[in-house]
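Encoded as structure tokens, the structure appears first; notes follow it.
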Amino acid sequence: MMNKDITSPNDQALFSKIAGLIEESRRRVATTVNTAMVYTYYEVGRYIVEYEQQGNDRAEYGKSILKKLAERLTERFGKGWSVEQLKLIRRFFIIYSKIVNSVYEIPNRTQIHENQIETKKVNTVYPIEEVPNTAVKHPIFSLSWSHYLILMRIDNPDERSFYEIECIKQNWSVRQLQRQVASSLYERLALSRDKHEVMRLAQEGQTIEKPMDILKNPLTLEFLGLREEAAYTESKLESAIISKMQQFLLEMGKGFLFEARQKRFTFDEQHFYVDLVFYNRLLRCYVLIDLKTDRLTHQDLGQMQMYVNYFDREVRLKDERPTIGILLCKEKNDALVELTLPADANIYAQQYALYLPDKQLLQQKLKQWIEEEDTENSMM
């Protein structure tokens with residue numbers, strides 16, 4: 001009796017499906033275990049804080065309690081319960097006991113039918129005193145302990161809230177979260193928005209509703225490995241981006257899909273090439289990028305306007321939004337863009353940097369910008 005070939009396409013397909021199911025199951029189990037541990041740490045932190053509050057001298061009393069507790073827990077459960085770990089667990093509770101991250105229903109007053117107010121579900125992060133009465137007042141943890149160790153280092157609660165929301169929505173790994181915090185994503189996005197939009201960042205994360213929402217100040221490309229002081233061509237910059245496309249898409253943000261490099265189109269018997277062509281599924285439009293390592297000129301802007309016009313007239317579908325053009329350059333010149341192009345042009349100069357920005361400097365800029373906004377509003 002002949003044995004069936006176990007490497008046949010049908011057998012291989014069956015194996016792939018079962019293997020995929022087992023791997024997904026293991027990932028879910030790992031996620032469940034990680035989440036359960038985070039909830040455990042939260043409750044341990046609660047016990048520690050409540051117990052410490054009974055002491056007279058909190059500092060010395062707490063230090064003594066943590067040392068004794070660490071010794072007994074390590075003796076019974078092994079590694080992972082040092083004094084430093086217990087301090088982190090206590091800090092975790094102190095931070096997150098003041099925050100509610102939950103899904104709840106709020107009235108949607110834009111839709112009222114026969115005196116009946118409809119509701120919509122919102123997933124967001126609020127300080128506990130600002131949570132509507134309809135919300136369930138308990139923390140919901142969706143990330144691993146390693147994620148929260150990074151988040152706890154962020155002092156600004158709005159910034160921490162932003163990274164937590166984005167981490168959950170985009171399923172960032174620990175390494176990706178580390179990179180986004182190190183690259184000051186929150187500050188770069190905030191500096192490209194008005195004050196109202198900055199508040200939305202803290203409550204909803206990054207929302208993509210209009211072309212300006214995809215811009216950062218600046219776009220950080222440190223992962224390309226190009227040296228700022230070294231000479232490099234636009235072609236080399238393009239090749240470096242292509243070789244690191246996954247990281248580039250992460251830096252570009254939500255909804256981006258890569259379509260082509262050096263996309264050719266012909267007009268009046270001449271060939272033209274767009275450096276990089278993307279599609280943003282959230283904005284539902286093409287995003288064209290031209291790379292500029294030299295000084296931005298009005299000819300560059302005119303060329304990008306032609307590219308955008310061509311895509312709008314020949315490529316995009318009727319139900320798609322107008323094409324966006326981005327000139328990715330070392331030094332952007334907003335005044336030149338405003339002077340050269342019409343006010344309603346969908347074209348932007350976007351500065352890039354080959355190194356991680358100075359986070360403290362960006363924080364100072366953001367603080368100064370918000371204070372100036374407050375001053376202007378108070379004078380109106």
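As shown in the structure tokens, the chain order sets the letters A, B, ...; within each chain, residues go from 1, and ligands are also counted from 1 in the order they appear.
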- Give me the residues within 12 Å of Lys210 (chain A) as number ranges by chain, counting only C-alpha atoms and dropping any in the same chain fewer than 5 places off. A: 193, 197, 215, 280, 282-285, 321-324, 346
Could the residues of region 160-260 of chain A that have an atom at most 12 Å from region 140-146 of chain A be listed as a Markdown table, each with its closest atom pair and the distance in Å to one decimal, counting only C-alpha atoms and ordered by chain and ascending residue number?
```
| residue | atom | partner | partner_atom | distance |
| --- | --- | --- | --- | --- |
| A:Tyr163 | CA | A:Leu143 | CA | 11.4 |
| A:Glu164 | CA | A:Leu143 | CA | 8.4 |
| A:Ile165 | CA | A:Ser142 | CA | 9.9 |
| A:Glu166 | CA | A:Leu143 | CA | 11.2 |
| A:Cys167 | CA | A:Leu143 | CA | 8.0 |
| A:Ile168 | CA | A:Ser142 | CA | 6.8 |
| A:Lys169 | CA | A:Ser142 | CA | 10.2 |
| A:Gln170 | CA | A:Leu143 | CA | 11.6 |
| A:Asn171 | CA | A:Leu143 | CA | 9.0 |
| A:Trp172 | CA | A:Leu143 | CA | 9.5 |
| A:Ser173 | CA | A:Ser144 | CA | 9.5 |
| A:Val174 | CA | A:Ser146 | CA | 6.7 |
| A:Arg175 | CA | A:Ser146 | CA | 9.8 |
| A:Gln176 | CA | A:Ser146 | CA | 11.9 |
| A:Leu177 | CA | A:Ser146 | CA | 10.1 |
| A:Gln178 | CA | A:Ser146 | CA | 10.3 |
```
- Nearest to Arg179 (chain A) among A:Gln364, A:Lys318, A:Leu356, A:Cys329, with distances taken over only C-alpha atoms: which residue is it?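 Counting only C-alpha atoms, the residue closest to Arg179 (chain A) is A:Leu356.
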Please identify which residues in region 213-285 of chain A DSSP calls helix (DSSP H, G or I) from the backbone, and express them as a compact mmCIF listing (two decimals) with C-alpha atoms, in the first residue's frame.
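Dumped to selection_29.txt:
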```
# COMPACT_ATOMS: atom_id res chain seq x y z
CA ASP A 213 -2.39 65.23 10.42
CA ILE A 214 0.34 63.18 8.71
CA GLU A 222 18.04 58.07 12.24
CA PHE A 223 17.41 54.40 11.41
CA LEU A 224 18.75 54.91 7.86
CA GLU A 234 19.04 61.89 -3.26
CA SER A 235 19.42 58.49 -4.90
CA LYS A 236 21.35 57.17 -1.89
CA LEU A 237 18.74 58.60 0.47
CA GLU A 238 15.99 56.91 -1.55
CA SER A 239 17.80 53.56 -1.54
CA ALA A 240 18.31 53.78 2.21
CA ILE A 241 14.59 54.41 2.72
CA ILE A 242 13.66 51.46 0.49
CA SER A 243 16.00 49.16 2.43
CA MET A 245 10.81 50.52 4.50
CA GLN A 246 9.26 48.93 7.59
CA GLN A 247 10.90 51.52 9.87
CA PHE A 248 10.07 54.30 7.42
CA LEU A 249 6.37 53.36 7.41
CA LEU A 250 6.40 53.32 11.21
CA GLU A 251 7.87 56.83 11.21
CA MET A 252 5.42 58.06 8.56
```
- Write out as a PyMOL selection string the residues lying within 12 Å of Phe311 (chain A), counting only C-alpha atoms and excluding same-chain residues fewer than 2 positions away. chain A and resi 263-267+274+277-279+285-288+304-309+313-318+320-325
- Note on the structure: For Gln203 (chain A), the closest of A:Asp158, A:Glu71, A:Glu228, A:Glu187 counting only C-alpha atoms is A:Asp158
- When distances are computed from only C-alpha atoms, which of A:Val181, A:Ala345, A:Leu191, A:Val337 shows the smallest separation from Pro211 (chain A)?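 With only C-alpha atoms as the atom set, the closest residue is A:Ala345.
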- Query: For Arg200 (chain A), which residue out of A:Ser183, A:Gln12, A:Ser161, A:Thr233 is the nearest one, using only C-alpha atoms?
  - Reply: A:Ser161
- Task: Find the distance between CA of Ala353 (chain A) and CA of Arg295 (chain A) and write it in Å to one decimal.
- Result: 14.5 Å
- Message: Please list as a ChimeraX atom specification every residue within 6 Å of Trp81 (chain A), counting only C-alpha atoms and excluding residues in the same chain fewer than 3 positions away.
- Response: /A:70,74,85
- Task: For Tyr352 (chain A), list every protein, DNA or RNA residue within 9 Å, evaluated using only C-alpha atoms, and leave out those in the same chain fewer than 6 positions away; present the list as an MDAnalysis selection string.
- Result: chainID A and resid 217:221 328:332
Could those residues be written to a file, using N, CA and C atoms, as a PDB file, in the first residue's frame?
```pdb
ATOM      1  N   ASN A 217       7.230  67.361  12.843  1.00  0.00           N
ATOM      2  CA  ASN A 217       8.234  68.415  12.800  1.00  0.00           C
ATOM      3  C   ASN A 217       9.409  68.088  13.730  1.00  0.00           C
ATOM      4  N   PRO A 218      10.506  67.485  13.190  1.00  0.00           N
ATOM      5  CA  PRO A 218      10.716  67.019  11.824  1.00  0.00           C
ATOM      6  C   PRO A 218      10.401  65.520  11.688  1.00  0.00           C
ATOM      7  N   LEU A 219      10.575  64.974  10.474  1.00  0.00           N
ATOM      8  CA  LEU A 219      10.512  63.530  10.255  1.00  0.00           C
ATOM      9  C   LEU A 219      11.884  62.968  10.623  1.00  0.00           C
ATOM     10  N   THR A 220      11.934  62.012  11.529  1.00  0.00           N
ATOM     11  CA  THR A 220      13.215  61.514  12.047  1.00  0.00           C
ATOM     12  C   THR A 220      13.610  60.211  11.352  1.00  0.00           C
ATOM     13  N   LEU A 221      14.770  60.226  10.696  1.00  0.00           N
ATOM     14  CA  LEU A 221      15.219  59.087   9.890  1.00  0.00           C
ATOM     15  C   LEU A 221      16.563  58.550  10.386  1.00  0.00           C
ATOM     16  N   LEU A 328      10.325  66.253   0.840  1.00  0.00           N
ATOM     17  CA  LEU A 328      11.080  65.867   2.029  1.00  0.00           C
ATOM     18  C   LEU A 328      12.486  66.437   1.898  1.00  0.00           C
ATOM     19  N   CYS A 329      12.795  67.449   2.707  1.00  0.00           N
ATOM     20  CA  CYS A 329      14.045  68.175   2.502  1.00  0.00           C
ATOM     21  C   CYS A 329      14.804  68.380   3.808  1.00  0.00           C
ATOM     22  N   LYS A 330      16.088  68.684   3.673  1.00  0.00           N
ATOM     23  CA  LYS A 330      16.930  68.924   4.843  1.00  0.00           C
ATOM     24  C   LYS A 330      16.472  70.154   5.612  1.00  0.00           C
ATOM     25  N   GLU A 331      16.140  71.200   4.875  1.00  0.00           N
ATOM     26  CA  GLU A 331      15.671  72.435   5.489  1.00  0.00           C
ATOM     27  C   GLU A 331      14.401  72.880   4.773  1.00  0.00           C
ATOM     28  N   LYS A 332      13.301  72.892   5.495  1.00  0.00           N
ATOM     29  CA  LYS A 332      12.049  73.288   4.853  1.00  0.00           C
ATOM     30  C   LYS A 332      11.941  74.805   4.835  1.00  0.00           C
TER      31      LYS A 332
END
```
- Item | Pick from A:Glu43, A:Glu371, A:Glu84, A:Glu24 nearest to Leu69 (chain A), counting only C-alpha atoms | A:Glu84
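Checking A:Leu301, A:Ile150, A:Leu88, A:Pro157 one by one against Gln180 (chain A), counting only C-alpha atoms, you find the shortest gap at A:Ile150.
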- Contact residues around Leu201 (chain A) with only C-alpha atoms at 8 Å, ignoring same-chain residues under 3 positions, as a list in words: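 Counting only C-alpha atoms, the residues come to Asp158, Phe162, Tyr186, Ala190, Glu197, Val198, Glu204, Gly205, Gln206 and Thr207 of chain A.
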With C-alpha atoms retained, export the selected residues as an mmCIF file, in the first residue's frame.
```
data_model
loop_
_atom_site.group_PDB
_atom_site.id
_atom_site.type_symbol
_atom_site.label_atom_id
_atom_site.label_comp_id
_atom_site.auth_asym_id
_atom_site.auth_seq_id
_atom_site.Cartn_x
_atom_site.Cartn_y
_atom_site.Cartn_z
ATOM 1 C CA ASP A 158 -0.613 63.840 28.428
ATOM 2 C CA PHE A 162 -0.662 59.484 23.957
ATOM 3 C CA TYR A 186 4.519 63.242 20.770
ATOM 4 C CA ALA A 190 2.174 68.421 18.841
ATOM 5 C CA GLU A 197 -5.348 69.183 18.420
ATOM 6 C CA VAL A 198 -2.635 68.752 21.073
ATOM 7 C CA GLU A 204 -7.415 59.959 21.411
ATOM 8 C CA GLY A 205 -3.890 59.421 20.105
ATOM 9 C CA GLN A 206 -2.997 60.426 16.558
ATOM 10 C CA THR A 207 -6.093 61.014 14.440
#
```
- Task: Could you check how far CA of Gly45 (chain A) sits from CA of Phe77 (chain A), in Å to one decimal?
- Result: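 CA of Gly45 (chain A) sits 17.0 Å away from CA of Phe77 (chain A).
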